[in-house]
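For reference, model.cif (mmCIF, C-alpha atoms):
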```
data_entry
#
loop_
_atom_site.group_PDB
_atom_site.id
_atom_site.type_symbol
_atom_site.label_atom_id
_atom_site.label_comp_id
_atom_site.auth_asym_id
_atom_site.auth_seq_id
_atom_site.Cartn_x
_atom_site.Cartn_y
_atom_site.Cartn_z
ATOM 1 C CA MET R 101 0.309 34.912 90.388
ATOM 2 C CA ASP R 102 -1.514 31.795 91.582
ATOM 3 C CA LYS R 103 -4.345 32.808 93.899
ATOM 4 C CA PHE R 104 -5.014 29.328 95.371
ATOM 5 C CA THR R 105 -2.666 27.945 97.978
ATOM 6 C CA ASP R 106 -4.929 25.040 98.956
ATOM 7 C CA TRP R 107 -6.857 22.992 96.389
ATOM 8 C CA GLN R 108 -8.864 21.438 99.228
ATOM 9 C CA ASP R 109 -10.654 24.797 99.570
ATOM 10 C CA LEU R 110 -11.725 24.552 95.938
ATOM 11 C CA LYS R 111 -12.865 20.959 96.413
ATOM 12 C CA VAL R 112 -14.992 21.943 99.398
ATOM 13 C CA ALA R 113 -16.528 24.878 97.498
ATOM 14 C CA TYR R 114 -17.284 22.582 94.565
ATOM 15 C CA THR R 115 -19.043 20.086 96.879
ATOM 16 C CA VAL R 116 -21.129 22.836 98.534
ATOM 17 C CA ALA R 117 -22.158 24.066 95.073
ATOM 18 C CA LYS R 118 -23.244 20.548 94.066
ATOM 19 C CA LEU R 119 -25.122 19.687 97.263
ATOM 20 C CA GLY R 120 -26.437 23.123 98.222
ATOM 21 C CA THR R 121 -25.761 23.153 101.970
ATOM 22 C CA LEU R 122 -22.771 23.120 104.321
ATOM 23 C CA SER R 123 -24.140 20.178 106.286
ATOM 24 C CA ALA R 124 -24.633 18.025 103.160
ATOM 25 C CA ALA R 125 -21.095 18.847 101.977
ATOM 26 C CA ALA R 126 -19.672 18.074 105.434
ATOM 27 C CA GLU R 127 -21.384 14.696 105.519
ATOM 28 C CA TYR R 128 -20.260 13.834 101.979
ATOM 29 C CA LEU R 129 -16.634 14.836 102.646
ATOM 30 C CA HIS R 130 -16.598 13.316 106.158
ATOM 31 C CA ILE R 131 -15.464 16.580 107.760
ATOM 32 C CA HIS R 132 -16.986 18.907 110.339
ATOM 33 C CA HIS R 133 -19.548 21.560 109.400
ATOM 34 C CA SER R 134 -17.261 24.278 110.774
ATOM 35 C CA THR R 135 -14.389 23.066 108.564
ATOM 36 C CA VAL R 136 -16.549 23.474 105.464
ATOM 37 C CA LEU R 137 -17.482 27.026 106.510
ATOM 38 C CA ARG R 138 -13.855 27.908 107.269
ATOM 39 C CA ARG R 139 -12.619 26.672 103.889
ATOM 40 C CA ILE R 140 -15.360 28.568 102.020
ATOM 41 C CA ASN R 141 -14.464 31.754 103.905
ATOM 42 C CA ASN R 142 -10.729 31.208 103.230
ATOM 43 C CA LEU R 143 -11.292 30.770 99.501
ATOM 44 C CA GLU R 144 -13.533 33.821 99.213
ATOM 45 C CA LYS R 145 -11.001 35.880 101.180
ATOM 46 C CA GLU R 146 -8.117 34.770 98.912
ATOM 47 C CA LEU R 147 -10.096 35.541 95.769
ATOM 48 C CA GLY R 148 -11.533 38.761 97.136
ATOM 49 C CA THR R 149 -15.041 37.920 95.964
ATOM 50 C CA ARG R 150 -18.202 36.142 97.011
ATOM 51 C CA LEU R 151 -18.700 32.656 95.590
ATOM 52 C CA PHE R 152 -22.044 31.998 97.274
ATOM 53 C CA HIS R 153 -25.234 33.788 98.254
ATOM 54 C CA ARG R 154 -26.162 32.674 101.782
ATOM 55 C CA HIS R 155 -29.844 31.782 102.268
ATOM 56 C CA ALA R 156 -31.759 30.140 105.092
ATOM 57 C CA ARG R 157 -32.312 27.099 102.867
ATOM 58 C CA GLY R 158 -28.726 26.773 101.663
ATOM 59 C CA TYR R 159 -25.914 28.208 99.544
ATOM 60 C CA GLN R 160 -26.497 29.459 95.988
ATOM 61 C CA VAL R 161 -23.539 30.020 93.648
ATOM 62 C CA THR R 162 -22.898 33.620 92.534
ATOM 63 C CA GLN R 163 -22.088 34.529 88.924
ATOM 64 C CA THR R 164 -18.383 34.689 89.781
ATOM 65 C CA GLY R 165 -18.667 31.380 91.613
ATOM 66 C CA GLU R 166 -20.201 29.726 88.570
ATOM 67 C CA LYS R 167 -17.101 30.557 86.503
ATOM 68 C CA LEU R 168 -14.731 29.163 89.095
ATOM 69 C CA LEU R 169 -16.780 26.046 89.780
ATOM 70 C CA ALA R 170 -17.212 25.275 86.086
ATOM 71 C CA THR R 171 -13.450 24.788 85.999
ATOM 72 C CA ALA R 172 -13.604 22.785 89.243
ATOM 73 C CA THR R 173 -16.163 20.470 87.625
ATOM 74 C CA ILE R 174 -13.780 19.704 84.772
ATOM 75 C CA ILE R 175 -10.919 19.111 87.212
ATOM 76 C CA ASP R 176 -13.074 16.762 89.308
ATOM 77 C CA GLU R 177 -14.152 14.749 86.258
ATOM 78 C CA ARG R 178 -10.570 14.441 85.016
ATOM 79 C CA LEU R 179 -9.309 13.317 88.421
ATOM 80 C CA MET R 180 -12.028 10.668 88.668
ATOM 81 C CA GLU R 181 -11.246 9.448 85.156
ATOM 82 C CA LEU R 182 -7.573 9.252 86.124
ATOM 83 C CA SER R 183 -8.393 7.329 89.311
ATOM 84 C CA THR R 184 -10.552 4.751 87.550
ATOM 85 C CA SER R 185 -8.055 4.439 84.689
ATOM 86 C CA ILE R 186 -5.257 3.680 87.157
ATOM 87 C CA VAL R 187 -7.391 1.000 88.804
ATOM 88 C CA ALA R 188 -8.409 -0.346 85.387
ATOM 89 C CA SER R 189 -4.763 -0.780 84.384
ATOM 90 C CA ASP R 190 -4.182 -3.109 87.315
ATOM 91 C CA SER R 191 -3.923 -6.690 86.055
ATOM 92 C CA GLN R 192 -2.297 -8.070 89.202
ATOM 93 C CA LEU R 193 -4.090 -10.183 91.777
ATOM 94 C CA ARG R 194 -2.591 -8.231 94.650
ATOM 95 C CA GLY R 195 -3.325 -5.111 96.683
ATOM 96 C CA LYS R 196 -6.615 -3.690 97.997
ATOM 97 C CA LEU R 197 -10.069 -4.374 96.588
ATOM 98 C CA LEU R 198 -12.857 -2.149 97.924
ATOM 99 C CA VAL R 199 -16.305 -3.710 98.331
ATOM 100 C CA THR R 200 -19.367 -1.790 99.485
ATOM 101 C CA THR R 201 -22.522 -3.295 100.979
ATOM 102 C CA VAL R 202 -24.753 -2.902 104.038
ATOM 103 C CA SER R 203 -23.747 -4.299 107.414
ATOM 104 C CA GLY R 204 -26.538 -6.865 107.459
ATOM 105 C CA PHE R 205 -24.991 -8.592 104.453
ATOM 106 C CA MET R 206 -21.751 -9.614 106.160
ATOM 107 C CA ASP R 207 -23.461 -12.763 107.434
ATOM 108 C CA ILE R 208 -24.116 -13.903 103.868
ATOM 109 C CA LEU R 209 -20.860 -12.577 102.390
ATOM 110 C CA SER R 210 -18.442 -14.023 104.950
ATOM 111 C CA GLU R 211 -18.309 -17.470 103.321
ATOM 112 C CA PRO R 212 -17.550 -16.286 99.750
ATOM 113 C CA CYS R 213 -15.097 -13.707 101.143
ATOM 114 C CA LEU R 214 -13.260 -16.533 102.909
ATOM 115 C CA ALA R 215 -13.170 -18.539 99.671
ATOM 116 C CA PHE R 216 -11.780 -15.516 97.814
ATOM 117 C CA GLN R 217 -9.177 -14.934 100.534
ATOM 118 C CA GLN R 218 -8.005 -18.545 100.309
ATOM 119 C CA GLN R 219 -7.785 -18.419 96.493
ATOM 120 C CA HIS R 220 -6.103 -14.998 96.293
ATOM 121 C CA PRO R 221 -4.143 -14.428 99.528
ATOM 122 C CA GLN R 222 -2.299 -11.386 98.150
ATOM 123 C CA VAL R 223 -5.517 -9.397 97.708
ATOM 124 C CA GLN R 224 -6.769 -7.505 100.756
ATOM 125 C CA LEU R 225 -10.550 -7.149 100.790
ATOM 126 C CA GLU R 226 -11.693 -3.884 102.333
ATOM 127 C CA VAL R 227 -15.452 -4.035 102.953
ATOM 128 C CA LEU R 228 -17.169 -0.670 103.448
ATOM 129 C CA LEU R 229 -20.404 -1.157 105.376
ATOM 130 C CA ASP R 230 -22.665 1.802 104.692
ATOM 131 C CA GLN R 231 -26.398 2.260 104.162
ATOM 132 C CA LYS R 232 -25.586 5.072 101.718
ATOM 133 C CA ARG R 233 -24.711 4.042 98.180
ATOM 134 C CA LEU R 234 -21.052 4.799 97.536
ATOM 135 C CA ARG R 235 -20.134 6.105 94.093
ATOM 136 C CA LEU R 236 -18.350 3.504 91.985
ATOM 137 C CA ASP R 237 -17.787 6.093 89.257
ATOM 138 C CA HIS R 238 -15.893 8.219 91.792
ATOM 139 C CA GLY R 239 -13.673 5.346 92.860
ATOM 140 C CA GLN R 240 -15.245 5.104 96.351
ATOM 141 C CA ALA R 241 -15.516 1.326 95.849
ATOM 142 C CA HIS R 242 -14.738 -1.213 93.125
ATOM 143 C CA VAL R 243 -17.553 -3.724 93.708
ATOM 144 C CA ALA R 244 -20.992 -3.186 95.251
ATOM 145 C CA VAL R 245 -23.479 -5.749 96.541
ATOM 146 C CA ARG R 246 -26.877 -4.058 96.667
ATOM 147 C CA ALA R 247 -30.408 -5.155 97.514
ATOM 148 C CA GLY R 248 -33.694 -3.747 96.259
ATOM 149 C CA SER R 249 -34.523 -2.278 92.870
ATOM 150 C CA LYS R 250 -32.066 -2.764 90.027
ATOM 151 C CA PRO R 251 -29.382 -0.027 90.012
ATOM 152 C CA ASP R 252 -29.669 2.205 86.941
ATOM 153 C CA GLU R 253 -26.632 4.495 87.172
ATOM 154 C CA PRO R 254 -24.913 5.102 83.818
ATOM 155 C CA ASP R 255 -21.717 3.137 83.077
ATOM 156 C CA TYR R 256 -22.481 0.567 85.769
ATOM 157 C CA VAL R 257 -22.360 -3.163 85.015
ATOM 158 C CA VAL R 258 -25.257 -4.780 86.913
ATOM 159 C CA GLN R 259 -25.723 -8.527 87.377
ATOM 160 C CA GLN R 260 -28.405 -10.273 89.412
ATOM 161 C CA LEU R 261 -26.631 -12.154 92.178
ATOM 162 C CA THR R 262 -29.399 -13.866 94.164
ATOM 163 C CA THR R 263 -32.840 -13.522 95.740
ATOM 164 C CA LEU R 264 -33.027 -13.289 99.514
ATOM 165 C CA GLU R 265 -36.115 -14.423 101.415
ATOM 166 C CA ALA R 266 -37.012 -13.236 104.899
ATOM 167 C CA GLY R 267 -39.679 -13.834 107.513
ATOM 168 C CA LEU R 268 -40.561 -13.071 111.113
ATOM 169 C CA TYR R 269 -38.561 -14.745 113.890
ATOM 170 C CA ALA R 270 -38.372 -14.778 117.676
ATOM 171 C CA SER R 271 -35.943 -16.335 120.129
ATOM 172 C CA SER R 272 -36.908 -19.337 122.252
ATOM 173 C CA ASP R 273 -36.466 -17.127 125.336
ATOM 174 C CA TYR R 274 -38.966 -14.586 123.994
ATOM 175 C CA ILE R 275 -41.456 -17.342 123.139
ATOM 176 C CA LYS R 276 -41.143 -18.791 126.650
ATOM 177 C CA ARG R 277 -41.999 -15.384 128.110
ATOM 178 C CA MET R 278 -44.619 -14.189 125.608
ATOM 179 C CA GLY R 279 -45.897 -17.277 123.794
ATOM 180 C CA ILE R 280 -45.914 -17.903 120.049
ATOM 181 C CA PRO R 281 -48.530 -16.175 117.861
ATOM 182 C CA THR R 282 -50.310 -18.576 115.523
ATOM 183 C CA THR R 283 -52.358 -16.004 113.555
ATOM 184 C CA VAL R 284 -51.656 -12.533 112.175
ATOM 185 C CA ASP R 285 -54.262 -11.099 114.566
ATOM 186 C CA ALA R 286 -52.409 -12.644 117.525
ATOM 187 C CA LEU R 287 -49.384 -10.449 116.733
ATOM 188 C CA GLN R 288 -51.191 -7.588 118.459
ATOM 189 C CA GLY R 289 -50.120 -8.906 121.838
ATOM 190 C CA HIS R 290 -46.377 -8.936 121.084
ATOM 191 C CA ASN R 291 -43.301 -6.703 121.087
ATOM 192 C CA PHE R 292 -41.452 -5.967 117.853
ATOM 193 C CA VAL R 293 -37.968 -5.012 116.685
ATOM 194 C CA SER R 294 -37.819 -2.658 113.689
ATOM 195 C CA GLY R 295 -35.684 0.054 112.094
ATOM 196 C CA VAL R 296 -35.343 3.743 112.798
ATOM 197 C CA THR R 297 -37.217 6.392 110.811
ATOM 198 C CA GLY R 298 -35.849 6.879 107.312
ATOM 199 C CA PHE R 299 -34.250 3.439 107.182
ATOM 200 C CA ASN R 300 -37.321 1.195 107.023
ATOM 201 C CA ALA R 301 -38.395 1.938 103.451
ATOM 202 C CA ARG R 302 -35.318 0.089 102.159
ATOM 203 C CA VAL R 303 -35.984 -3.035 104.264
ATOM 204 C CA PRO R 304 -39.318 -4.695 103.360
ATOM 205 C CA TYR R 305 -39.927 -6.451 106.677
ATOM 206 C CA PHE R 306 -39.228 -3.251 108.644
ATOM 207 C CA ALA R 307 -41.648 -1.398 106.371
ATOM 208 C CA TRP R 308 -44.300 -4.097 106.992
ATOM 209 C CA VAL R 309 -43.933 -3.761 110.762
ATOM 210 C CA ASP R 310 -44.387 0.007 110.602
ATOM 211 C CA GLU R 311 -47.475 -0.354 108.422
ATOM 212 C CA HIS R 312 -49.243 -3.177 110.239
ATOM 213 C CA ILE R 313 -48.041 -3.111 113.853
ATOM 214 C CA ALA R 314 -49.062 -0.444 116.367
ATOM 215 C CA GLU R 315 -46.296 2.004 117.278
ATOM 216 C CA SER R 316 -46.673 1.106 120.965
ATOM 217 C CA GLN R 317 -45.718 -2.506 120.147
ATOM 218 C CA VAL R 318 -42.460 -1.544 118.407
ATOM 219 C CA THR R 319 -40.409 -1.469 121.573
ATOM 220 C CA PHE R 320 -36.937 -1.498 120.016
ATOM 221 C CA ARG R 321 -35.563 0.219 116.904
ATOM 222 C CA VAL R 322 -32.101 0.099 115.330
ATOM 223 C CA SER R 323 -30.359 1.624 112.311
ATOM 224 C CA GLU R 324 -28.775 -1.600 111.000
ATOM 225 C CA THR R 325 -30.333 -4.923 110.018
ATOM 226 C CA SER R 326 -27.493 -6.855 111.658
ATOM 227 C CA ASP R 327 -28.182 -5.145 114.985
ATOM 228 C CA ALA R 328 -31.890 -5.901 114.603
ATOM 229 C CA THR R 329 -30.992 -9.575 114.226
ATOM 230 C CA ARG R 330 -28.898 -9.449 117.408
ATOM 231 C CA ALA R 331 -31.779 -7.808 119.263
ATOM 232 C CA ILE R 332 -34.173 -10.545 118.106
ATOM 233 C CA VAL R 333 -31.680 -13.278 119.051
ATOM 234 C CA ASN R 334 -31.390 -11.690 122.515
ATOM 235 C CA GLY R 335 -35.155 -11.814 123.064
ATOM 236 C CA LEU R 336 -36.108 -8.143 122.677
ATOM 237 C CA GLY R 337 -39.016 -8.933 120.372
ATOM 238 C CA ILE R 338 -40.273 -10.434 117.128
ATOM 239 C CA GLY R 339 -38.677 -9.134 113.946
ATOM 240 C CA GLY R 340 -37.719 -9.791 110.351
ATOM 241 C CA VAL R 341 -34.625 -11.866 109.560
ATOM 242 C CA GLN R 342 -33.356 -13.290 106.284
ATOM 243 C CA HIS R 343 -33.884 -17.060 106.268
ATOM 244 C CA ASN R 344 -30.247 -17.849 105.443
ATOM 245 C CA VAL R 345 -29.129 -15.623 108.340
ATOM 246 C CA ALA R 346 -31.673 -17.129 110.750
ATOM 247 C CA ARG R 347 -30.266 -20.606 110.047
ATOM 248 C CA ARG R 348 -27.050 -19.474 111.739
ATOM 249 C CA TYR R 349 -28.925 -19.029 115.017
ATOM 250 C CA PRO R 350 -30.489 -22.321 116.209
ATOM 251 C CA ASP R 351 -32.300 -20.429 118.985
ATOM 252 C CA LEU R 352 -34.424 -18.476 116.481
ATOM 253 C CA LEU R 353 -37.856 -19.864 115.632
ATOM 254 C CA PRO R 354 -39.984 -18.810 112.637
ATOM 255 C CA ILE R 355 -43.252 -16.964 113.239
ATOM 256 C CA LEU R 356 -46.106 -17.412 110.732
ATOM 257 C CA LYS R 357 -43.629 -18.617 108.120
ATOM 258 C CA GLU R 358 -46.242 -19.414 105.484
ATOM 259 C CA GLU R 359 -48.318 -16.263 105.999
ATOM 260 C CA LEU R 360 -45.560 -13.625 106.116
ATOM 261 C CA ARG R 361 -42.560 -13.652 103.789
ATOM 262 C CA TRP R 362 -40.557 -11.059 101.883
ATOM 263 C CA CYS R 363 -38.206 -11.337 98.907
ATOM 264 C CA SER R 364 -35.392 -8.972 97.912
ATOM 265 C CA GLN R 365 -33.310 -9.022 94.744
ATOM 266 C CA VAL R 366 -29.548 -8.704 95.291
ATOM 267 C CA TRP R 367 -27.354 -7.149 92.598
ATOM 268 C CA LEU R 368 -23.629 -7.370 91.881
ATOM 269 C CA VAL R 369 -22.514 -3.957 90.619
ATOM 270 C CA THR R 370 -19.236 -2.748 89.113
ATOM 271 C CA HIS R 371 -18.150 0.228 87.011
ATOM 272 C CA VAL R 372 -17.465 -0.371 83.330
ATOM 273 C CA LEU R 373 -13.892 0.975 83.629
ATOM 274 C CA VAL R 374 -12.871 -1.546 86.307
ATOM 275 C CA HIS R 375 -15.217 -4.418 85.479
ATOM 276 C CA ARG R 376 -12.595 -6.358 83.493
ATOM 277 C CA THR R 377 -9.701 -5.922 85.920
ATOM 278 C CA ALA R 378 -8.235 -9.089 87.398
ATOM 279 C CA LYS R 379 -9.227 -8.476 91.009
ATOM 280 C CA VAL R 380 -12.793 -7.411 90.237
ATOM 281 C CA GLN R 381 -13.354 -10.352 87.886
ATOM 282 C CA ALA R 382 -11.920 -12.783 90.425
ATOM 283 C CA LEU R 383 -14.230 -11.581 93.202
ATOM 284 C CA CYS R 384 -17.278 -11.490 90.938
ATOM 285 C CA GLU R 385 -16.657 -15.091 89.876
ATOM 286 C CA VAL R 386 -16.396 -16.251 93.493
ATOM 287 C CA LEU R 387 -19.601 -14.428 94.459
ATOM 288 C CA LYS R 388 -21.582 -15.732 91.484
ATOM 289 C CA ARG R 389 -20.353 -19.283 92.005
ATOM 290 C CA HIS R 390 -21.260 -19.159 95.706
ATOM 291 C CA PHE R 391 -24.791 -17.841 95.229
ATOM 292 C CA ASN R 392 -25.594 -19.981 92.176
ATOM 293 C CA ASN R 393 -24.737 -23.257 93.882
#
```

Take the structure in the file and give it back as structure tokens.
Amino acid sequence: MDKFTDWQDLKVAYTVAKLGTLSAAAEYLHIHHSTVLRRINNLEKELGTRLFHRHARGYQVTQTGEKLLATATIIDERLMELSTSIVASDSQLRGKLLVTTVSGFMDILSEPCLAFQQQHPQVQLEVLLDQKRLRLDHGQAHVAVRAGSKPDEPDYVVQQLTTLEAGLYASSDYIKRMGIPTTVDALQGHNFVSGVTGFNARVPYFAWVDEHIAESQVTFRVSETSDATRAIVNGLGIGGVQHNVARRYPDLLPILKEELRWCSQVWLVTHVLVHRTAKVQALCEVLKRHFNN
């Protein structure tokens, strides 16, 4: 007799085993912490055995749990292979195409996305804006646009898309109120916009602010680069902005443009199983053409 009535319980248990804690599994699965606990308890009750040892630092799989979750691992891999194979078999320029990037990149991606939309009106672009890197091998997205170090995940096709340059900017309103610093030392008398803790390491100009500017001067912090740009445009302080984004805001003025500048490599990433599909190839061509012009 089949002991499982809900395969979602097994999926949740498998995720807890991989990540080690209920909270990490809840965040990954986009469900509530209490739902994860309830499903684990339901599965253990149905099976009549413990799958996990509970510890203060997390959940450790029992010997019985290891047997069950070894099978769950195989099921998960097969389902992901099936998902990517189905996408890979799609040769039609129609339907959804999932793109993942960070919210700050929509300013630079809007123009090529418009060009793609005009060329392929039957394809619906679905852009997932998330600071966390979604798994292309798990079918969470088909195309990724990433900044920073070159992605090195296995089975990923990685192409350099462009190099973004950034510098410090302030609005004309802020400069009227606070003046314009003409030396690095003069920055000590100014307010700054930066990122929240844990986010700054991935954004070079946020990291520079945290290293070189006193904490008392960082008067406004956000968790997204696009929101930082809005805060700078609205006069809340000096902050880093990509040059091609700053050009969209005539009210922004560069600060110490020659002395302070940052460069970031941007990568176009796809999974090998979907790289040659019609929709993915079409979008990649539009992006490469746009950024290479």

query: Which residues come within 8 Å of range 147-162 of chain R, counting all atoms listed in the file, excluding same-chain residues fewer than 4 positions away, as number ranges by chain?
result: R: 103, 116-117, 120-122, 143, 166

- line: The residue from R:Val374, R:Gln108, R:Asn291, R:Leu209 with the smallest atom-to-atom distance to Val243 in chain R, counting only C-alpha atoms, is R:Val374

Residue neighbourhood range 336-348 of chain R, 10 Å, only C-alpha atoms, exclusion window fewer than 3 positions, as a JSON list (two decimals) with C-alpha atoms, in the frame of the given file:
```
[["chain", "number", "residue", "atom", "x", "y", "z"],
["R", 204, "GLY", "CA", -26.54, -6.86, 107.46],
["R", 205, "PHE", "CA", -24.99, -8.59, 104.45],
["R", 206, "MET", "CA", -21.75, -9.61, 106.16],
["R", 207, "ASP", "CA", -23.46, -12.76, 107.43],
["R", 208, "ILE", "CA", -24.12, -13.90, 103.87],
["R", 264, "LEU", "CA", -33.03, -13.29, 99.51],
["R", 265, "GLU", "CA", -36.12, -14.42, 101.42],
["R", 266, "ALA", "CA", -37.01, -13.24, 104.90],
["R", 267, "GLY", "CA", -39.68, -13.83, 107.51],
["R", 268, "LEU", "CA", -40.56, -13.07, 111.11],
["R", 269, "TYR", "CA", -38.56, -14.74, 113.89],
["R", 270, "ALA", "CA", -38.37, -14.78, 117.68],
["R", 271, "SER", "CA", -35.94, -16.34, 120.13],
["R", 273, "ASP", "CA", -36.47, -17.13, 125.34],
["R", 274, "TYR", "CA", -38.97, -14.59, 123.99],
["R", 275, "ILE", "CA", -41.46, -17.34, 123.14],
["R", 278, "MET", "CA", -44.62, -14.19, 125.61],
["R", 280, "ILE", "CA", -45.91, -17.90, 120.05],
["R", 287, "LEU", "CA", -49.38, -10.45, 116.73],
["R", 290, "HIS", "CA", -46.38, -8.94, 121.08],
["R", 291, "ASN", "CA", -43.30, -6.70, 121.09],
["R", 292, "PHE", "CA", -41.45, -5.97, 117.85],
["R", 293, "VAL", "CA", -37.97, -5.01, 116.68],
["R", 294, "SER", "CA", -37.82, -2.66, 113.69],
["R", 295, "GLY", "CA", -35.68, 0.05, 112.09],
["R", 303, "VAL", "CA", -35.98, -3.04, 104.26],
["R", 304, "PRO", "CA", -39.32, -4.70, 103.36],
["R", 305, "TYR", "CA", -39.93, -6.45, 106.68],
["R", 306, "PHE", "CA", -39.23, -3.25, 108.64],
["R", 308, "TRP", "CA", -44.30, -4.10, 106.99],
["R", 309, "VAL", "CA", -43.93, -3.76, 110.76],
["R", 317, "GLN", "CA", -45.72, -2.51, 120.15],
["R", 318, "VAL", "CA", -42.46, -1.54, 118.41],
["R", 319, "THR", "CA", -40.41, -1.47, 121.57],
["R", 320, "PHE", "CA", -36.94, -1.50, 120.02],
["R", 325, "THR", "CA", -30.33, -4.92, 110.02],
["R", 326, "SER", "CA", -27.49, -6.86, 111.66],
["R", 328, "ALA", "CA", -31.89, -5.90, 114.60],
["R", 329, "THR", "CA", -30.99, -9.57, 114.23],
["R", 330, "ARG", "CA", -28.90, -9.45, 117.41],
["R", 331, "ALA", "CA", -31.78, -7.81, 119.26],
["R", 332, "ILE", "CA", -34.17, -10.54, 118.11],
["R", 333, "VAL", "CA", -31.68, -13.28, 119.05],
["R", 351, "ASP", "CA", -32.30, -20.43, 118.98],
["R", 352, "LEU", "CA", -34.42, -18.48, 116.48],
["R", 353, "LEU", "CA", -37.86, -19.86, 115.63],
["R", 354, "PRO", "CA", -39.98, -18.81, 112.64],
["R", 355, "ILE", "CA", -43.25, -16.96, 113.24],
["R", 360, "LEU", "CA", -45.56, -13.62, 106.12],
["R", 361, "ARG", "CA", -42.56, -13.65, 103.79],
["R", 362, "TRP", "CA", -40.56, -11.06, 101.88],
["R", 363, "CYS", "CA", -38.21, -11.34, 98.91],
["R", 364, "SER", "CA", -35.39, -8.97, 97.91]]
```

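When the PyMOL selection byres ((chain R and resi 217) around 12) is evaluated on the file shown here, the picked residues come out as Leu193, Arg194, Lys196, Leu197, Ser210, Glu211, Pro212, Cys213, Leu214, Ala215, Phe216, Gln218, Gln219, His220, Pro221, Gln222, Val223, Gln224, Leu225, Glu226, Lys379, Ala382, Leu383 and Val386 of chain R.
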
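Coordinates place CA of Ser123 in chain R at a distance of 21.7 Å from CA of Leu229 in chain R.
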
Some atoms are missing, so please complete range 148-153 of chain R with all heavy atoms and return it as a compact mmCIF listing (two decimals), keeping the file's coordinate frame.
```txt
# COMPACT_ATOMS: atom_id res chain seq x y z
N GLY R 148 -10.99 37.42 97.00
CA GLY R 148 -11.53 38.76 97.14
C GLY R 148 -12.91 38.92 96.53
O GLY R 148 -13.27 40.01 96.05
N THR R 149 -13.69 37.86 96.54
CA THR R 149 -15.04 37.92 95.96
C THR R 149 -15.93 36.88 96.62
O THR R 149 -15.44 35.91 97.20
CB THR R 149 -15.00 37.68 94.45
OG1 THR R 149 -16.31 37.90 93.90
CG2 THR R 149 -14.55 36.27 94.11
N ARG R 150 -17.23 37.09 96.49
CA ARG R 150 -18.20 36.14 97.01
C ARG R 150 -18.44 35.04 96.00
O ARG R 150 -18.69 35.31 94.82
CB ARG R 150 -19.54 36.84 97.30
CG ARG R 150 -19.53 37.69 98.56
CD ARG R 150 -19.67 36.81 99.78
NE ARG R 150 -19.85 37.60 101.00
CZ ARG R 150 -19.94 37.06 102.20
NH1 ARG R 150 -19.89 35.75 102.34
NH2 ARG R 150 -20.09 37.82 103.27
N LEU R 151 -18.40 33.80 96.45
CA LEU R 151 -18.70 32.66 95.59
C LEU R 151 -20.12 32.16 95.79
O LEU R 151 -20.68 31.48 94.91
CB LEU R 151 -17.73 31.51 95.87
CG LEU R 151 -16.25 31.80 95.62
CD1 LEU R 151 -15.41 30.60 96.02
CD2 LEU R 151 -16.01 32.17 94.16
N PHE R 152 -20.71 32.50 96.95
CA PHE R 152 -22.04 32.00 97.27
C PHE R 152 -22.92 33.11 97.85
O PHE R 152 -22.44 33.99 98.56
CB PHE R 152 -21.98 30.86 98.32
CG PHE R 152 -21.26 29.63 97.84
CD1 PHE R 152 -19.91 29.45 98.13
CD2 PHE R 152 -21.92 28.66 97.12
CE1 PHE R 152 -19.24 28.32 97.70
CE2 PHE R 152 -21.26 27.52 96.69
CZ PHE R 152 -19.92 27.35 96.98
N HIS R 153 -24.22 33.02 97.54
CA HIS R 153 -25.23 33.79 98.25
C HIS R 153 -25.72 32.91 99.40
O HIS R 153 -26.10 31.75 99.20
CB HIS R 153 -26.42 34.13 97.35
CG HIS R 153 -26.07 35.02 96.19
ND1 HIS R 153 -25.59 36.31 96.35
CD2 HIS R 153 -26.14 34.81 94.85
CE1 HIS R 153 -25.37 36.85 95.18
NE2 HIS R 153 -25.69 35.96 94.24
```
